[in-house]
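This report concerns only the one structure given below.
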Amino acid sequence: MNENTIAAISTAQGQGGIGIIRISGNEAISTADKIFVSVSGKRLCDLEGYRAAYGKISENSEMIDEVVAIVYRAPYSYTGEDVVEICCHGGLFVTREVLRAAINAGAILAEPGEFTKRAFLNGKMDLSEAQAVMDIISAQSKQAARTALSQRTGALGKKVSDIKNRLVSTVGHLAAWADYPEEDIPEVSSTALLENILDVKASISKLVDEYSAGQAILHGIDTVIAGRPNVGKSTLMNLLSGFDKSIVTNIPGTTRDIVEETVIIGDVTLKLSDTAGIRDTENIVEKIGVDKTRERISSCSLILAVFDSSEELCEEDINLLESIEDTPSIAIINKTDLENKIDLKYIESKIKNIVKISAKTGEGKKELEDAIAEISGTKDFDPCAGIISTERQRSAAIKAISALEDAEQTLSFGFSFDAVTVCIEEAIDALLQLTGENVADAVVDDVFHSFCVGK
Amino acid sequence: MKTYQAGKFDIAVIGAGHAGIEAALAASRLGCSTLIFTINMDAVGNCPCNPSIGGTAKGHLVREIDALGGEMGKTADECFLQMRMLNRGKGPAVHSLRAQIDRLKYASVMKHKLELQDNLQLRQAEIVDIMQTEDEEYPWQITTQMGAEFLLKKVIIATGTYLGGRIFVGEVSYEGGPDGTFAATKFGQSLRNLGLPLRRFKTGTPARVLRSSIDFSELDEQHGDEPPEPFSFETENMGDNKVVCHISWTNENTKNIILENIHRSPLYGGMIEGIGPRYCPSLEDKIMRFPDKERHQLFIEPCGENTEEMYLQGMSSSLPEEVQLKFYHTIKGLQNAVVMRPAYAIEYDCVDPLSMWATLEFKDFKGLYGAGQFNGSSGYEEAAAQGLVAGINAALAVKGKEPLILERSGSYIGTLIDDLITKGANEPYRMMTSRSEYRLVLRQDNADKRLTPIGREIGLVTNERWERFTLKQKLIEEELERINHTTLTLTETLNNILVSRETSPVSTGISLADLLRRPQISYKDLESVDVSRPQLPKSVFEQAEIEIKYAGYIKKQLDRVEQVQRMQEKELPADIDYKEITGLRLEAQEKLNKIKPRNIAQASRISGVSPADISVLVIWITSNRHKKGGEC
C-alpha cells in the first residue's frame, strides 16, 4: 500500500560505534545499489534475503564510508517490504552523509514512526505491538501539538498559514458575493483575483524551491547570527568559518544585509547567516533590513545571539533576547578579553545556553563547538523549521501550485467564478493538509468576519 | 391531571411547521399511521419571517426535497407571487431559485394537504409530557395538555421557535411563540427531565407595514424572471409573476437613531441569553458590527395577494416599538409607514445536534428524532429538509428497513445534516453554497438526477414520476452523446457567431463539445449551425450544456468525492469506547465518544481530531480486522 521508498538513520543520533541507515520499500534494493559498490563486485539485487555484502558507499565517485549492507526480501523484513540496512561508522556526520546519498538516490526521508507503521500495516505485528505503534504516533502528535504552540516551530505553519489566509479571504469574498446576491457586496474584479492568485502561487513556489528532502542533512542547519552592530558578529562568522577550511559555498544573501556561508563544526553542518542588527528605527531602508532580520529569526532553526561583554545590556540587546526566547539559541558573550560589564544573570533568565568567547583571540572556540553539538543533538530540535522538509509537505505544496495554475487558466479562459473557486479551494485544501483545518469552515468564518451580510 | 388513553400510532410528529409537515407527510406516505400535533390549527405551515421560499443554497435544498418526494417545492410553486433565479452569470454551482410566496395561501394549501393525506391525523394540542414506556412495541408515550395519552413507536420533535419561546421588543418581554401564538412551556422541562441537552437560541423578524402608507415612487423595482421557473421537477404550468418588490436603503439618520437607543436593545442590554445567527443580524447588529458602512439595503416584499402587509427584508430589530417607528421613518419610501406588526426577537429552546445520528435519531434515545429549528438550524428550507429525513427514517425504522443516510458528497441535505451532527451548531445554522465542497456537482439543476433514484428506492416517488425522470435522464445522456460526437463544419455563419461572442474564429471544422467548452459560447448561440439538434426541453439541454462546459471542474470535484468515499468505507462501529484506544489524544477521545462518527471520513471532519488521531484510528480498524480474522 506504500509506494514510496523511505530511508532514515535507525540508530540513536550522536556518537556511537556503528550507525545503521535503513531503506525500505519496493525500490529499496535498487536505490541502495546506486550508492553501494561491493568488494566482490556483486550487486545487492543479485543477493537473496538475509545476505550481507561488504563494500563502500560513494557518491559522484567520492567515497563516504566503508560499510556492510544487509538485504532483506519482502515479506521477511521488519517492515514486510524489501529492506536494505547499511551499517556504517557511527557519529552524526557519517550517518547523515550516507542518508543524504540514499536520499539523492531517490529515497524519501521517513517520517518518525513510519517504519513501524508500515510493519504494522503489512501485518508484521500483533495487537499489543500495534498499541505501541499507536503510542509512537500519539507521542509524535503530542510533541507536534506542543511545539506548534511555540512561535519557533510554528515557523513553517505560520508561513503556510499566511499564504492560506490570503486564499481564504479571496474565496471568502467570492462566497459572500455568491451567497448574498442581494447585499451590496463589492464586485470581484478578475484582475485583482488574478493578481492575488499569481502572488500566492509565487509564495508557494518559493517554499517549494527551498525544499529538499532532508534539507538540514543536505545543506546544514539554518542558523542565524544575530546581535546589534559592533558586538562582533562578523568576527565570529570568520572565526567559525576558520574552524574548518571546507567552506562549501559563499552565497550572496537574499538581501545585502544577510550573508550566508556553510560551515562544518564537529559533526554538525551549519548554514550560517549574518544579519543586520535589530533596533527600532524610523529610517525606511534600515527598517526593511530589520524586518528581514526578524523574519529570518522567526524561521530559522538555531540562533547564535552575540553580546558585547564589555558594555552594559542596551535596549536593542533586550529586544533581541525577547524576540528569540522561543527559538533554540546560544548566547555568545563576546570580547571576554575586555572588562566585563554585562548583566549575565538577565541573559541567563532568557537563554539557557551561554558560551563566553573572545572571537578576537579564539578563546572559547571549543566550548562553542560543544554547545552547538549539544543543542543540535537534542530530541526536540527540528533542523527543518520554516522550510518544507518532508515529501508529504512538498507534494501538498506542489498540488496547491498546480491547482492555482488551473485557477489562473480558468480565469483567463473567461469561465464563471464558481469554477475558479473550485480550483482555489483545491489549493487551500492542499495547504490545509499542512495545517489541519477544514476548508469550508475557514471560508464561512471569513464571510462573516469581513462582510456585513444577511437579511 | 386526569388523563385518558387516546390510542396507539406508529409515529407522532410534534409541531406542524415546515419540518413537521415534511416529516408527517413522508411517514404517512410510507404507510405508517401518523399523528401530527400543532399548538394552533391556524399556524400550520406558517411563514413567520420572510414571505419567500428558496434563495442561495436554500433553493438547492427545496429542489432536493422535491427530488426525494417532499412537498415544499410543489406548494411553493402553487403559491408563488414572483420567481427569480439568483446569481445568473455567477456560474451554475451558485444558481439558486427563490420564490416570493403568498404566505397565507401557502399555510392553507399545506394544511389542506395534511388533512387529505391517508394515514395522517392533524390535531391541535400542546404536548406537555414525553416519557419512555416498558412496552417494547410502543416505547414512547406523549401527553397533551388535555390529558390525552398516546402510545407511539417513534416520536419526531419539530417544535421550531415555540419551545420555551420568549418574545423581546425593547424592554418588553413575554412568553410566546411566533406571530402572536402561545409558546410550548411545559414540554421543554419534560425533555430536560428525559436528559436532552437543550440550550437557547434566538432569531428575529422585521416589521410588517401597510402597503398604502409606503411611497414607492422613488424606489427601485425588482421584477421576477420571465418565464418563471418552478421549484418542483413535477410542476408544469407556473403562470405569471404577480408582484414586484422594491428596494430602499438606510441612511445616516437611521444609524444615529439606532446608536442613540442601542442601550434599549435586549441583546446589547444583556436581557437575551440566546445565541443569534451571524447571517441574519438585526439592523442594530449590522450597525454595531460594521460601523463604517454608510447604508444598508432593504427589500420591501408583499406578504400575499389578499393582504396589504409588506415585509421589510433586512430590517429585523428588537429595539422598542417607538424606536422602530423612528428609524423606519428615516428610510426613503417609509417616511409615513404605518407599522402593522412590530419587529421582534424570539428566544427559544433547541437541542445540541451532536447528540444525534445522521438519521436524526437521538443516540441515547432509540425511536426519538428531532428536526428543524429544534436541531439548531434556521430557515424554512433547512427545517423541511431535516423533517423529510427524520420522517423517512422513522418510517423506515418502523418497517424494519435500512436507514436513509445522505452523504455530504451527494446533496446539500446531507451536507446540512453532516455539519449539524459532526460540527454542532454554535449559532442557528443556515445553508450556504460555500458550505459544500462539492458545489459544482451538487447543483440545483441536477437535484433530481442525484436524489430521485433514492426517493424511488424509499418509496416516495410515484411510477408516473419515475417514468418521466428516466425519460429525462435518457434524453440528457443522448444529447451528451450527440454533442460529443458532432462536428460542425466550417461556415461563415459559424465564424460570425464566434466573432460576435468575442471568441476566436475557427479555420477547420470543430467538435460541438469543444465549442461548448468555450465559456463565451452557449448552447443557444449555436442553434442555427447545429443542424442535427433535436427539440429538447430547457431542463435537458441546460444540464447537457453544464456537464460539457464544466466537465474538467466537475471531474476535479468527483475525484474528491471518490477520495472521501474511500474513507467512508472505513467504518467505525457505534459501540467503540474511544477511551480504550490508546494513542488517541484526550481531546480526540472525548470528541469521538460524543459524536460517534460512522466512518473515518466523518471522524476526520471533527474539529479537535488531528491527522495523527486519524492514523491511530486507521491502525485500530486494521488491527480489529486482523483480530476478527484470527477468530474466524
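So you can find residues: chains in the C-alpha cells are A, B, ... in the order shown, residues in each start at 1, and ligands are numbered from 1 in order.
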
Can you check which parts of chain B lie within 6 Å of chain A? Per residue, the shortest pair of atoms and distance in Å to one decimal, counting only C-alpha atoms, sorted by chain and number, as a Markdown table.
```
| residue | atom | partner | partner_atom | distance |
| --- | --- | --- | --- | --- |
| B:Thr56 | CA | A:Asp179 | CA | 5.5 |
| B:Lys90 | CA | A:Ser416 | CA | 5.6 |
| B:Gly91 | CA | A:Ser416 | CA | 5.0 |
| B:Tyr279 | CA | A:Gly454 | CA | 4.5 |
| B:Cys280 | CA | A:Gly454 | CA | 4.6 |
| B:Gln313 | CA | A:Lys455 | CA | 5.8 |
| B:Gly314 | CA | A:Lys455 | CA | 3.8 |
| B:Ser434 | CA | A:Ala175 | CA | 5.8 |
| B:Arg435 | CA | A:Ala440 | CA | 5.4 |
| B:Pro519 | CA | A:Phe415 | CA | 5.3 |
| B:Gly583 | CA | A:Asp135 | CA | 4.5 |
| B:Ala612 | CA | A:Ser141 | CA | 6.0 |
| B:Val616 | CA | A:Met134 | CA | 5.5 |
```

**Study point:** Nearby residues (only C-alpha atoms) at most 8 Å from range 53-55 of chain B, same-chain spacing under 3 positions excluded, as a list in words
**Key:**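 My reading of the contact set: Lys58, Gly59, His60, Leu61, Val62, Ala76, Leu86, Ser96, Leu97, Arg98, Ala99, Gln100, Ile101, Tyr380 and Glu381 of chain B.
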
Point to revise | Test item: residues at most 12 Å from Glu367 in chain A, only C-alpha atoms, excluding those fewer than 3 positions along its chain, as a list of chain:residue names | key: A:Ile265, A:Gly266, A:Ile330, A:Ile332, A:Ile333, A:Asn353, A:Ile354, A:Val355, A:Lys356, A:Ile357, A:Ser358, A:Gly362, A:Glu363, A:Gly364, A:Asp370, A:Ala371, A:Ile372, A:Ala373, A:Glu374

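Shortest atom-to-atom contact with Lys366 in chain A among A:Leu239, A:Ala427, A:Leu432, A:Ala407: A:Leu239, counting only C-alpha atoms.
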
Review point. With only C-alpha atoms as the basis for distance, which of B:Leu104, B:His263, B:Phe80, B:Glu547 is at the shortest distance from Val243 in chain B?
Key: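 Once distances to Val243 in chain B are computed over only C-alpha atoms, the minimum belongs to B:Phe80.
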
Exercise for review: Enumerate the residues of range 227-309 of chain B with a DSSP assignment of helix (DSSP H, G or I), computed from the backbone, and present them as a ChimeraX atom specification.
Suggested key: /B:252-260,262-264,283-289

Practice item. Using CA of Glu27 in chain A and CA of Glu97 in chain A as the two end points, give the distance in Å to one decimal. Key: 19.9 Å

**Study point:** Spatial neighbours of Pro197 in chain B, max dist 8 Å, only C-alpha atoms, sep filter under 6 positions, as a VMD selection string
**Key:** chain B and resid 351 to 352 355

Written file, previous selection with N, CA and C atoms, as an mmCIF file, in the first residue's frame:
```cif
data_model
loop_
_atom_site.group_PDB
_atom_site.id
_atom_site.type_symbol
_atom_site.label_atom_id
_atom_site.label_comp_id
_atom_site.auth_asym_id
_atom_site.auth_seq_id
_atom_site.Cartn_x
_atom_site.Cartn_y
_atom_site.Cartn_z
ATOM 1 N N VAL B 351 -31.926 21.848 20.705
ATOM 2 C CA VAL B 351 -31.094 20.776 21.224
ATOM 3 C C VAL B 351 -29.708 20.836 20.585
ATOM 4 N N ASP B 352 -28.709 20.290 21.274
ATOM 5 C CA ASP B 352 -27.370 20.184 20.695
ATOM 6 C C ASP B 352 -27.382 19.032 19.686
ATOM 7 N N SER B 355 -25.905 15.350 19.624
ATOM 8 C CA SER B 355 -26.479 14.187 20.297
ATOM 9 C C SER B 355 -27.275 13.295 19.351
#
```

Practice item. May I have the residues within 12 Å of range 464-472 of chain B as an MDAnalysis selection string, using only C-alpha atoms and disregarding those fewer than 4 positions away in the same chain? Key: chainID B and resid 66:69 232:235 446:457 459:460 476:479 536:544

Export of prior selection with C-alpha atoms as a short mmCIF file (atom, residue, chain, number, x, y, z; two decimals), in the first residue's frame:
```cif
data_model
loop_
_atom_site.label_atom_id
_atom_site.label_comp_id
_atom_site.auth_asym_id
_atom_site.auth_seq_id
_atom_site.Cartn_x
_atom_site.Cartn_y
_atom_site.Cartn_z
CA ASP B 66 -38.73 17.79 -4.17
CA ALA B 67 -36.44 15.25 -5.86
CA LEU B 68 -36.73 12.93 -2.86
CA GLY B 69 -40.52 13.19 -2.83
CA SER B 232 -40.64 21.18 -8.48
CA PHE B 233 -39.45 18.84 -11.21
CA GLU B 234 -43.16 17.94 -11.50
CA THR B 235 -44.68 21.40 -11.90
CA ASN B 446 -29.44 18.13 -11.27
CA ALA B 447 -31.06 17.54 -7.88
CA ASP B 448 -33.41 15.01 -9.50
CA LYS B 449 -30.53 13.09 -11.03
CA ARG B 450 -28.84 12.90 -7.63
CA LEU B 451 -31.81 12.13 -5.41
CA THR B 452 -34.87 10.87 -7.28
CA PRO B 453 -33.42 7.33 -7.51
CA ILE B 454 -33.04 7.44 -3.72
CA GLY B 455 -36.61 8.73 -3.31
CA ARG B 456 -37.78 5.94 -5.60
CA GLU B 457 -35.96 3.32 -3.54
CA GLY B 459 -40.99 4.68 -1.89
CA LEU B 460 -41.80 8.39 -2.19
CA ILE B 476 -29.73 14.10 -21.33
CA GLU B 477 -27.48 11.10 -21.96
CA GLU B 478 -28.41 11.03 -25.63
CA GLU B 479 -27.80 14.72 -26.03
CA LEU B 536 -35.40 19.38 -26.24
CA PRO B 537 -36.84 20.90 -23.08
CA LYS B 538 -34.66 23.53 -21.42
CA SER B 539 -34.09 21.33 -18.35
CA VAL B 540 -32.50 18.72 -20.63
CA PHE B 541 -30.19 20.80 -22.80
CA GLU B 542 -29.23 23.03 -19.87
CA GLN B 543 -27.86 20.06 -17.95
CA ALA B 544 -26.09 18.67 -21.01
#
```

Exercise for review: Using CA of Pro92 in chain B and CA of Ile65 in chain B as the two end points, give the distance in Å to one decimal.
Suggested key: 19.2 Å

Revision key, fill the gap. re CA of Ile130 in chain B and CA of Gly31 in chain B: distance 24.0 Å
